Structures are given as C-alpha cells and as structure tokens.
Amino acid sequence: METILEFGSNRVKANTRMLSDMKEVIYDQDWLCTAENVELYYMYRALSLSKNDEQLIKEHGLRYDITVIPPRMLGCEYVKTAGHYHPLVPGTNVTFPEIYEVLGGEAQYLLQKPDGEGIEDVILIKACEGDKVIIPPGYGHLTINASNKVLKMANWVADNFESIYPPIKEKRGGAYFLLETGNKMNKRYDHVPEIRHFKPSNMKELGLQKNKEMYGLLKDPGKLEFLKKPHDHEWVFEEILYQ
C-alpha cells in the first residue's frame with residue numbers, strides 16, 4: 001500500500017506498524033508462528049494543511065494525526081491497533097483525552113478503564129464515516145477494523161501527549177479480543193466487566209457534527225481546550241459516560 005499521504009500541499013511519509021511490532025498483543029498465537037511479517041497500519045503525525053495552520057496548531061498546543069488501517073485478519077482476529085493509555089495532565093491526577101473522527105470506512109473503538117490488575121469499565125463504540133469518538137480521561141483504548149473497507153481516521157490531541165503502550169502489551173492485549181466468532185474476554189486481567197455499547201460522541205456543543213470534518217475546528221480552537229484541560233471540562237465526559 002502507498003505509504004505517502006498527500007495532505008494539502010504536503011507529502012507525508014508514514015510511520016508503519018508491522019505485525020512484528022504487535023506480536024505480544026495478537027490473540028491467535030498459533031497463526032502468528034507462521035505468519036509473514038506484513039504492514040498492518042500507517043500513522044501520519046503532526047499534520048497541517050498550510051504553514052499558517054501549522055503555526056496556529058502549535059500556538060494552541062495541539063496535534064492533528066491521521067491513521068490508515070486496511071482490512072485484514074490476524075488469524076481469527078480482526079486487525080487492530082496496538083492499544084495504549086494516556087499520560088497525566090501535568091499537575092493533575094487526570095489523564096489527557098483524545099478525539100477521533102472516521103474519515104472513511106468503519107471503526108470499532110474499545111475503551112477500557114484500569115483498576116489495579118483488572119479493568120473497571122469496558123466500552124465499545126462502533127463508528128462510521130463522519131462520526132466522532134471522544135476518549136475520556138482515565139481510559140486506554142484500541143481501534144479495530146472489523147469491516148472489509150480501508151479505515152481512515154483522524155485525531156486531535158494535546159501536543160505534549162505521548163502514548164503509553166507497556167500496560168496493554170504486558171496483558172497481551174486489550175480487555176477483549178474481537179474475533180470472527182465474537183468478542184473474547186482477555187483472562188490475563190484479574191477481572192473484566194461486560195462490554196457496554198455506546199454511540200459515537202457527535203456533540204454539537206463542541207462542534208463535533210457527524211458530517212463536518214473536525215479539522216475545521218482549527219478556526220475555533222477554543223472548542224478543543226478540553227483536550228488540554230480536561231479537569232476544567234468535566235461536563236463533556238459526564239455526557240459521554242452516562243449515555
């Protein structure tokens with residue numbers, strides 16, 4: 001697959017996630033033993049359509065990324081991202097949130113809230129083209145492409161955000177594996193609750209409308225302030241978590 005993304009006048013080279021990078025979190029280890037080391041998905045970081053946009057994004061402490069996940073089976077499991085948690089906002093006990101938008105294809109976002117060696121809450125959100133999904137503070141997540149279409153998604157996040165991968169890798173995956181035969185609980189966690197199924201976070205108050213690309217929020221960056229100061233915008237996450 002072409003690993004150069006044309007974004008505005010820019011041609012951006014992908015950071016490519018290989019199967020070998022994911023070996024610890026794959027469910028079907030028997031399949032993995034003989035699988036070819038293939039490219040799984042492509043990440044394009046810190047994007048902007050123009051120099052002016054680039055400067056504005058930096059001034060507001062934000063980052064805009066795109067990820068592309070072609071359809072593929074990992075043995076009996078649907079292709080997915082490695083999964084990660086979010087760091088704490090400096091000076092608080094609250095982790096950074098994140099917003100995703102499905103630009104093409106379909107996505108399933110698996111959110112999980114850790115509780116010691118177990119999981120307190122698991123949420124699965126199915127999102128189609130145009131949908132927005134907010135990852136609230138306190139949750140790790142991974143993205144699954146269980147469709148036969150190429151998934152292309154974008155995200156806004158605070159620019160001092162750095163993903164934390166080891167906790168999910170140590171548990172050999174997320175709280176659930178999404179398989180052809182259904183969802184399989186990961187027994188390496190001490191305890192895992194049943195999945196709660198939520199709708200996407202298309203919140204007009206934040207300018208997150210289904211068929212309006214969220215890159216345009218750069219014209220009103222105040223609506224993205226909750227990404228940097230989630231502790232001052234608790235109402236956003238209450239609305240998401242208590243559907």
# chains A, B, ... in the order shown; residues from 1 in each chain; ligands from 1

call {"tool": "residues_around", "arguments": {"residues": "stretch 141-152 of chain A", "least_positions_apart": "4", "cutoff": "6 Å", "atoms": "only C-alpha atoms", "output": "list in words"}}
result
Thr67, Val68, Ile69, Pro70, Pro71, Tyr78, Val79, Lys80, Thr81, Gly83, His84, Leu103, Gly104, Gly105, Glu106, Ala107, Gln108, Tyr109, Leu110 and Leu111 of chain A

call {"tool": "residues_around", "arguments": {"residues": "A:Glu117", "least_positions_apart": "2", "cutoff": "7 Å", "atoms": "only C-alpha atoms", "output": "ChimeraX atom specification"}}
result
/A:115,189-190

call {"tool": "write_last_selection", "arguments": {"atoms": "C-alpha atoms", "output": "PDB file, in the first residue's frame"}}
result
ATOM      1  CA  ASP A 115      -8.462  -0.945  38.108  1.00  0.00           C
ATOM      2  CA  TYR A 189      -6.660  -9.343  33.570  1.00  0.00           C
ATOM      3  CA  ASP A 190      -7.754 -10.112  37.143  1.00  0.00           C
TER       4      ASP A 190
END

call {"tool": "closest_atom_pairs", "arguments": {"of": "stretch 120-176 of chain A", "to": "stretch 206-213 of chain A", "cutoff": "8 Å", "atoms": "only C-alpha atoms", "output": "tab-separated table"}}
result
residue	atom	partner	partner_atom	distance
A:Gly130	CA	A:Lys210	CA	4.8
A:Asp131	CA	A:Lys210	CA	4.9
A:Lys132	CA	A:Leu208	CA	6.5

call {"tool": "residues_around", "arguments": {"residues": "A:Pro90", "least_positions_apart": "3", "cutoff": "10 Å", "atoms": "only C-alpha atoms", "output": "VMD selection string"}}
result
chain A and resid 87 93 to 96 160 228 to 229

call {"tool": "write_last_selection", "arguments": {"atoms": "N, CA and C atoms", "output": "PDB file, in the first residue's frame"}}
result
ATOM      1  N   PRO A  87      -1.153   9.704  29.172  1.00  0.00           N
ATOM      2  CA  PRO A  87      -0.434  10.239  30.332  1.00  0.00           C
ATOM      3  C   PRO A  87      -1.283  11.242  31.113  1.00  0.00           C
ATOM      4  N   ASN A  93      -4.296  14.716  38.513  1.00  0.00           N
ATOM      5  CA  ASN A  93      -4.415  13.247  38.516  1.00  0.00           C
ATOM      6  C   ASN A  93      -5.378  12.799  37.425  1.00  0.00           C
ATOM      7  N   VAL A  94      -5.496  13.614  36.378  1.00  0.00           N
ATOM      8  CA  VAL A  94      -6.405  13.374  35.261  1.00  0.00           C
ATOM      9  C   VAL A  94      -5.597  13.114  33.996  1.00  0.00           C
ATOM     10  N   THR A  95      -5.938  12.071  33.247  1.00  0.00           N
ATOM     11  CA  THR A  95      -5.215  11.788  32.010  1.00  0.00           C
ATOM     12  C   THR A  95      -5.797  12.584  30.842  1.00  0.00           C
ATOM     13  N   PHE A  96      -4.973  12.804  29.841  1.00  0.00           N
ATOM     14  CA  PHE A  96      -5.399  13.529  28.644  1.00  0.00           C
ATOM     15  C   PHE A  96      -6.491  12.753  27.904  1.00  0.00           C
ATOM     16  N   ASN A 160       1.663  17.712  23.873  1.00  0.00           N
ATOM     17  CA  ASN A 160       2.630  17.079  24.784  1.00  0.00           C
ATOM     18  C   ASN A 160       2.166  15.692  25.226  1.00  0.00           C
ATOM     19  N   LYS A 228      -6.658  19.818  26.452  1.00  0.00           N
ATOM     20  CA  LYS A 228      -5.501  20.217  27.259  1.00  0.00           C
ATOM     21  C   LYS A 228      -5.860  20.372  28.736  1.00  0.00           C
ATOM     22  N   LYS A 229      -7.116  20.719  29.017  1.00  0.00           N
ATOM     23  CA  LYS A 229      -7.552  20.963  30.394  1.00  0.00           C
ATOM     24  C   LYS A 229      -8.837  20.185  30.697  1.00  0.00           C
TER      25      LYS A 229
END

call {"tool": "closest_residue", "arguments": {"among": "A:Phe237, A:Trp156, A:Tyr41, A:Tyr27", "to": "A:Arg72", "atoms": "only C-alpha atoms"}}
result
A:Tyr41

call {"tool": "closest_residue", "arguments": {"among": "A:Asp30, A:Ser50, A:Val236, A:Arg172", "to": "A:Arg188", "atoms": "only C-alpha atoms"}}
result
A:Arg172

call {"tool": "select_by_dssp", "arguments": {"residues": "stretch 9-162 of chain A", "states": "strand (DSSP E)", "output": "PyMOL selection string"}}
result
chain A and resi 10-13+15-18+39-44+62-69+73-74+77-80+98-104+106-115+118-128+132-135+140-145+151-158

call {"tool": "write_last_selection", "arguments": {"atoms": "C-alpha atoms", "output": "PDB file, in the first residue's frame"}}
result
ATOM      1  CA  ASN A  10       2.410  18.250   1.841  1.00  0.00           C
ATOM      2  CA  ARG A  11       3.500  14.693   1.120  1.00  0.00           C
ATOM      3  CA  VAL A  12       3.942  12.925   4.452  1.00  0.00           C
ATOM      4  CA  LYS A  13       5.700   9.583   4.940  1.00  0.00           C
ATOM      5  CA  ASN A  15       5.238   5.627  10.461  1.00  0.00           C
ATOM      6  CA  THR A  16       4.352   1.999   9.679  1.00  0.00           C
ATOM      7  CA  ARG A  17       3.221  -0.521  12.288  1.00  0.00           C
ATOM      8  CA  MET A  18       4.400  -4.016  11.358  1.00  0.00           C
ATOM      9  CA  GLU A  39       2.468  -3.999   7.276  1.00  0.00           C
ATOM     10  CA  LEU A  40      -0.674  -3.551   9.403  1.00  0.00           C
ATOM     11  CA  TYR A  41      -1.358   0.174   9.574  1.00  0.00           C
ATOM     12  CA  TYR A  42       0.061   3.592   8.849  1.00  0.00           C
ATOM     13  CA  MET A  43       0.358   6.640  11.127  1.00  0.00           C
ATOM     14  CA  TYR A  44       0.861  10.208   9.904  1.00  0.00           C
ATOM     15  CA  LEU A  62      -2.446  20.717  19.711  1.00  0.00           C
ATOM     16  CA  ARG A  63      -1.603  17.942  17.253  1.00  0.00           C
ATOM     17  CA  TYR A  64      -3.597  16.522  14.331  1.00  0.00           C
ATOM     18  CA  ASP A  65      -2.855  12.991  13.089  1.00  0.00           C
ATOM     19  CA  ILE A  66      -4.255  10.531  10.566  1.00  0.00           C
ATOM     20  CA  THR A  67      -4.124   6.723  10.801  1.00  0.00           C
ATOM     21  CA  VAL A  68      -4.958   4.308   7.973  1.00  0.00           C
ATOM     22  CA  ILE A  69      -5.843   0.659   8.726  1.00  0.00           C
ATOM     23  CA  MET A  73      -7.465 -10.808   9.549  1.00  0.00           C
ATOM     24  CA  LEU A  74      -4.833 -11.587  12.165  1.00  0.00           C
ATOM     25  CA  GLU A  77      -8.920 -11.793  14.962  1.00  0.00           C
ATOM     26  CA  TYR A  78      -9.779  -8.560  13.174  1.00  0.00           C
ATOM     27  CA  VAL A  79      -6.901  -6.157  12.533  1.00  0.00           C
ATOM     28  CA  LYS A  80      -6.397  -3.622  15.314  1.00  0.00           C
ATOM     29  CA  GLU A  98      -8.446  12.462  22.696  1.00  0.00           C
ATOM     30  CA  ILE A  99     -10.919  12.882  19.803  1.00  0.00           C
ATOM     31  CA  TYR A 100     -11.176  10.582  16.801  1.00  0.00           C
ATOM     32  CA  GLU A 101     -13.047  11.047  13.551  1.00  0.00           C
ATOM     33  CA  VAL A 102     -13.753   8.358  10.983  1.00  0.00           C
ATOM     34  CA  LEU A 103     -12.807   9.843   7.603  1.00  0.00           C
ATOM     35  CA  GLY A 104     -13.570   6.647   5.674  1.00  0.00           C
ATOM     36  CA  GLU A 106     -15.787   1.828   9.780  1.00  0.00           C
ATOM     37  CA  ALA A 107     -14.117   1.618  13.185  1.00  0.00           C
ATOM     38  CA  GLN A 108     -14.763  -0.054  16.492  1.00  0.00           C
ATOM     39  CA  TYR A 109     -13.162   1.705  19.453  1.00  0.00           C
ATOM     40  CA  LEU A 110     -12.572  -0.435  22.538  1.00  0.00           C
ATOM     41  CA  LEU A 111     -12.178   1.738  25.648  1.00  0.00           C
ATOM     42  CA  GLN A 112     -11.043   0.307  28.971  1.00  0.00           C
ATOM     43  CA  LYS A 113     -10.618   1.848  32.415  1.00  0.00           C
ATOM     44  CA  PRO A 114      -7.927   0.127  34.510  1.00  0.00           C
ATOM     45  CA  ASP A 115      -8.462  -0.945  38.108  1.00  0.00           C
ATOM     46  CA  GLY A 118      -8.055  -5.643  36.339  1.00  0.00           C
ATOM     47  CA  ILE A 119     -10.489  -3.487  34.403  1.00  0.00           C
ATOM     48  CA  GLU A 120     -13.289  -1.389  35.925  1.00  0.00           C
ATOM     49  CA  ASP A 121     -15.167  -0.478  32.745  1.00  0.00           C
ATOM     50  CA  VAL A 122     -15.179  -1.510  29.060  1.00  0.00           C
ATOM     51  CA  ILE A 123     -16.945   0.460  26.324  1.00  0.00           C
ATOM     52  CA  LEU A 124     -17.243  -0.479  22.648  1.00  0.00           C
ATOM     53  CA  ILE A 125     -18.184   2.225  20.151  1.00  0.00           C
ATOM     54  CA  LYS A 126     -18.945   1.447  16.516  1.00  0.00           C
ATOM     55  CA  ALA A 127     -18.334   4.488  14.324  1.00  0.00           C
ATOM     56  CA  CYS A 128     -18.994   5.089  10.626  1.00  0.00           C
ATOM     57  CA  LYS A 132     -16.611  11.458  16.176  1.00  0.00           C
ATOM     58  CA  VAL A 133     -15.465   9.492  19.246  1.00  0.00           C
ATOM     59  CA  ILE A 134     -14.030  11.068  22.407  1.00  0.00           C
ATOM     60  CA  ILE A 135     -11.691   9.016  24.611  1.00  0.00           C
ATOM     61  CA  GLY A 140      -6.984   3.377  27.472  1.00  0.00           C
ATOM     62  CA  HIS A 141      -8.146   2.278  24.048  1.00  0.00           C
ATOM     63  CA  LEU A 142      -7.505   0.434  20.824  1.00  0.00           C
ATOM     64  CA  THR A 143      -9.133   0.602  17.393  1.00  0.00           C
ATOM     65  CA  ILE A 144     -10.397  -2.387  15.405  1.00  0.00           C
ATOM     66  CA  ASN A 145     -11.236  -2.535  11.709  1.00  0.00           C
ATOM     67  CA  LEU A 151     -10.345   2.582   7.715  1.00  0.00           C
ATOM     68  CA  LYS A 152      -9.028   6.132   7.648  1.00  0.00           C
ATOM     69  CA  MET A 153      -9.336   8.117  10.858  1.00  0.00           C
ATOM     70  CA  ALA A 154      -8.060  11.402  12.252  1.00  0.00           C
ATOM     71  CA  ASN A 155      -7.420  12.541  15.806  1.00  0.00           C
ATOM     72  CA  TRP A 156      -6.891  15.770  17.720  1.00  0.00           C
ATOM     73  CA  VAL A 157      -4.808  15.568  20.876  1.00  0.00           C
ATOM     74  CA  ALA A 158      -2.674  17.832  23.081  1.00  0.00           C
TER      75      ALA A 158
END

call {"tool": "select_by_dssp", "arguments": {"residues": "stretch 2-240 of chain A", "states": "helix (DSSP H, G or I)", "output": "PyMOL selection string"}}
result
chain A and resi 19-25+29-34+51-59+166-170+204-206+214-219+221-227+230-232+234-240

call {"tool": "write_last_selection", "arguments": {"atoms": "C-alpha atoms", "output": "PDB file, in the first residue's frame"}}
result
ATOM      1  CA  LEU A  19       2.965  -7.329  12.531  1.00  0.00           C
ATOM      2  CA  SER A  20       6.237  -7.952  14.374  1.00  0.00           C
ATOM      3  CA  ASP A  21       5.593  -4.795  16.421  1.00  0.00           C
ATOM      4  CA  MET A  22       2.302  -6.318  17.594  1.00  0.00           C
ATOM      5  CA  LYS A  23       3.324  -9.889  18.416  1.00  0.00           C
ATOM      6  CA  GLU A  24       2.644  -9.546  22.161  1.00  0.00           C
ATOM      7  CA  VAL A  25      -0.986  -8.437  21.694  1.00  0.00           C
ATOM      8  CA  GLN A  29      -0.531 -17.050  18.565  1.00  0.00           C
ATOM      9  CA  ASP A  30      -0.643 -20.317  16.586  1.00  0.00           C
ATOM     10  CA  TRP A  31      -1.334 -18.342  13.408  1.00  0.00           C
ATOM     11  CA  LEU A  32       1.363 -15.831  14.340  1.00  0.00           C
ATOM     12  CA  CYS A  33       4.054 -18.541  14.449  1.00  0.00           C
ATOM     13  CA  THR A  34       3.924 -18.984  10.672  1.00  0.00           C
ATOM     14  CA  LYS A  51       2.136  26.924   7.230  1.00  0.00           C
ATOM     15  CA  ASN A  52      -0.414  29.212   8.861  1.00  0.00           C
ATOM     16  CA  ASP A  53      -2.349  26.204  10.172  1.00  0.00           C
ATOM     17  CA  GLU A  54       0.880  24.631  11.407  1.00  0.00           C
ATOM     18  CA  GLN A  55       1.692  27.764  13.398  1.00  0.00           C
ATOM     19  CA  LEU A  56      -1.844  28.008  14.794  1.00  0.00           C
ATOM     20  CA  ILE A  57      -1.834  24.358  15.866  1.00  0.00           C
ATOM     21  CA  LYS A  58       1.481  24.863  17.693  1.00  0.00           C
ATOM     22  CA  GLU A  59       0.294  28.069  19.351  1.00  0.00           C
ATOM     23  CA  PRO A 166       3.518  -1.220  28.031  1.00  0.00           C
ATOM     24  CA  PRO A 167       0.464  -1.902  30.290  1.00  0.00           C
ATOM     25  CA  ILE A 168      -1.605  -3.349  27.424  1.00  0.00           C
ATOM     26  CA  LYS A 169       1.394  -5.179  25.991  1.00  0.00           C
ATOM     27  CA  GLU A 170       2.076  -6.767  29.404  1.00  0.00           C
ATOM     28  CA  LYS A 204     -22.730  19.930  18.675  1.00  0.00           C
ATOM     29  CA  GLU A 205     -21.641  21.947  21.719  1.00  0.00           C
ATOM     30  CA  LEU A 206     -18.051  21.122  20.797  1.00  0.00           C
ATOM     31  CA  MET A 214     -13.186  18.257  12.719  1.00  0.00           C
ATOM     32  CA  TYR A 215     -10.004  19.680  11.176  1.00  0.00           C
ATOM     33  CA  GLY A 216     -12.174  22.769  10.682  1.00  0.00           C
ATOM     34  CA  LEU A 217     -12.261  23.266  14.470  1.00  0.00           C
ATOM     35  CA  LEU A 218      -8.918  24.969  13.985  1.00  0.00           C
ATOM     36  CA  LYS A 219     -10.995  28.054  13.117  1.00  0.00           C
ATOM     37  CA  PRO A 221      -9.656  26.265  18.724  1.00  0.00           C
ATOM     38  CA  GLY A 222     -11.378  27.148  21.984  1.00  0.00           C
ATOM     39  CA  LYS A 223     -13.652  24.175  21.349  1.00  0.00           C
ATOM     40  CA  LEU A 224     -10.583  21.931  21.662  1.00  0.00           C
ATOM     41  CA  GLU A 225      -9.496  23.387  25.003  1.00  0.00           C
ATOM     42  CA  PHE A 226     -10.870  20.349  26.861  1.00  0.00           C
ATOM     43  CA  LEU A 227      -8.100  18.248  25.277  1.00  0.00           C
ATOM     44  CA  PRO A 230      -9.965  18.062  30.889  1.00  0.00           C
ATOM     45  CA  HIS A 231     -10.207  18.849  34.626  1.00  0.00           C
ATOM     46  CA  ASP A 232     -11.974  22.109  33.687  1.00  0.00           C
ATOM     47  CA  GLU A 234     -15.897  17.506  33.335  1.00  0.00           C
ATOM     48  CA  TRP A 235     -19.348  18.020  31.788  1.00  0.00           C
ATOM     49  CA  VAL A 236     -18.009  16.817  28.430  1.00  0.00           C
ATOM     50  CA  PHE A 237     -17.047  13.421  29.796  1.00  0.00           C
ATOM     51  CA  GLU A 238     -20.106  13.047  32.016  1.00  0.00           C
ATOM     52  CA  GLU A 239     -22.271  13.383  28.918  1.00  0.00           C
ATOM     53  CA  ILE A 240     -20.249  10.673  27.166  1.00  0.00           C
TER      54      ILE A 240
END

call {"tool": "atom_distance", "arguments": {"atom1": "atom CA of A:Met203", "atom2": "atom CA of A:Glu129"}}
result
15.5 Å

call {"tool": "closest_residue", "arguments": {"among": "A:Lys171, A:His86, A:His233, A:His60", "to": "A:Tyr139", "atoms": "only C-alpha atoms"}}
result
A:His86

call {"tool": "atom_distance", "arguments": {"atom1": "atom CA of A:Leu49", "atom2": "atom CA of A:Pro200"}}
result
26.0 Å

call {"tool": "atom_distance", "arguments": {"atom1": "atom CA of A:Leu179", "atom2": "atom CA of A:Cys76"}}
result
5.7 Å

call {"tool": "decode", "arguments": {"residues": "stretch 116-170 of chain A", "atoms": "C-alpha atoms", "output": "compact mmCIF listing (two decimals), in the first residue's frame"}}
result
# COMPACT_ATOMS: atom_id res chain seq x y z
CA GLY A 116 -5.24 -2.33 39.57
CA GLU A 117 -4.51 -5.55 37.68
CA GLY A 118 -8.06 -5.64 36.34
CA ILE A 119 -10.49 -3.49 34.40
CA GLU A 120 -13.29 -1.39 35.93
CA ASP A 121 -15.17 -0.48 32.74
CA VAL A 122 -15.18 -1.51 29.06
CA ILE A 123 -16.95 0.46 26.32
CA LEU A 124 -17.24 -0.48 22.65
CA ILE A 125 -18.18 2.22 20.15
CA LYS A 126 -18.95 1.45 16.52
CA ALA A 127 -18.33 4.49 14.32
CA CYS A 128 -18.99 5.09 10.63
CA GLU A 129 -17.75 7.75 8.23
CA GLY A 130 -18.25 11.21 9.73
CA ASP A 131 -18.67 10.00 13.32
CA LYS A 132 -16.61 11.46 16.18
CA VAL A 133 -15.47 9.49 19.25
CA ILE A 134 -14.03 11.07 22.41
CA ILE A 135 -11.69 9.02 24.61
CA PRO A 136 -12.40 10.28 28.16
CA PRO A 137 -9.78 10.73 30.89
CA GLY A 138 -8.92 7.52 32.70
CA TYR A 139 -9.41 5.24 29.69
CA GLY A 140 -6.98 3.38 27.47
CA HIS A 141 -8.15 2.28 24.05
CA LEU A 142 -7.50 0.43 20.82
CA THR A 143 -9.13 0.60 17.39
CA ILE A 144 -10.40 -2.39 15.41
CA ASN A 145 -11.24 -2.53 11.71
CA ALA A 146 -13.79 -5.35 11.51
CA SER A 147 -15.03 -4.30 8.07
CA ASN A 148 -13.89 -5.06 4.52
CA LYS A 149 -13.08 -1.39 3.89
CA VAL A 150 -9.94 0.66 4.46
CA LEU A 151 -10.34 2.58 7.72
CA LYS A 152 -9.03 6.13 7.65
CA MET A 153 -9.34 8.12 10.86
CA ALA A 154 -8.06 11.40 12.25
CA ASN A 155 -7.42 12.54 15.81
CA TRP A 156 -6.89 15.77 17.72
CA VAL A 157 -4.81 15.57 20.88
CA ALA A 158 -2.67 17.83 23.08
CA ASP A 159 0.82 18.20 21.62
CA ASN A 160 2.63 17.08 24.78
CA PHE A 161 0.74 13.79 24.64
CA GLU A 162 2.76 10.60 24.45
CA SER A 163 1.03 7.21 24.25
CA ILE A 164 1.74 4.61 26.97
CA TYR A 165 1.93 1.13 25.42
CA PRO A 166 3.52 -1.22 28.03
CA PRO A 167 0.46 -1.90 30.29
CA ILE A 168 -1.61 -3.35 27.42
CA LYS A 169 1.39 -5.18 25.99
CA GLU A 170 2.08 -6.77 29.40
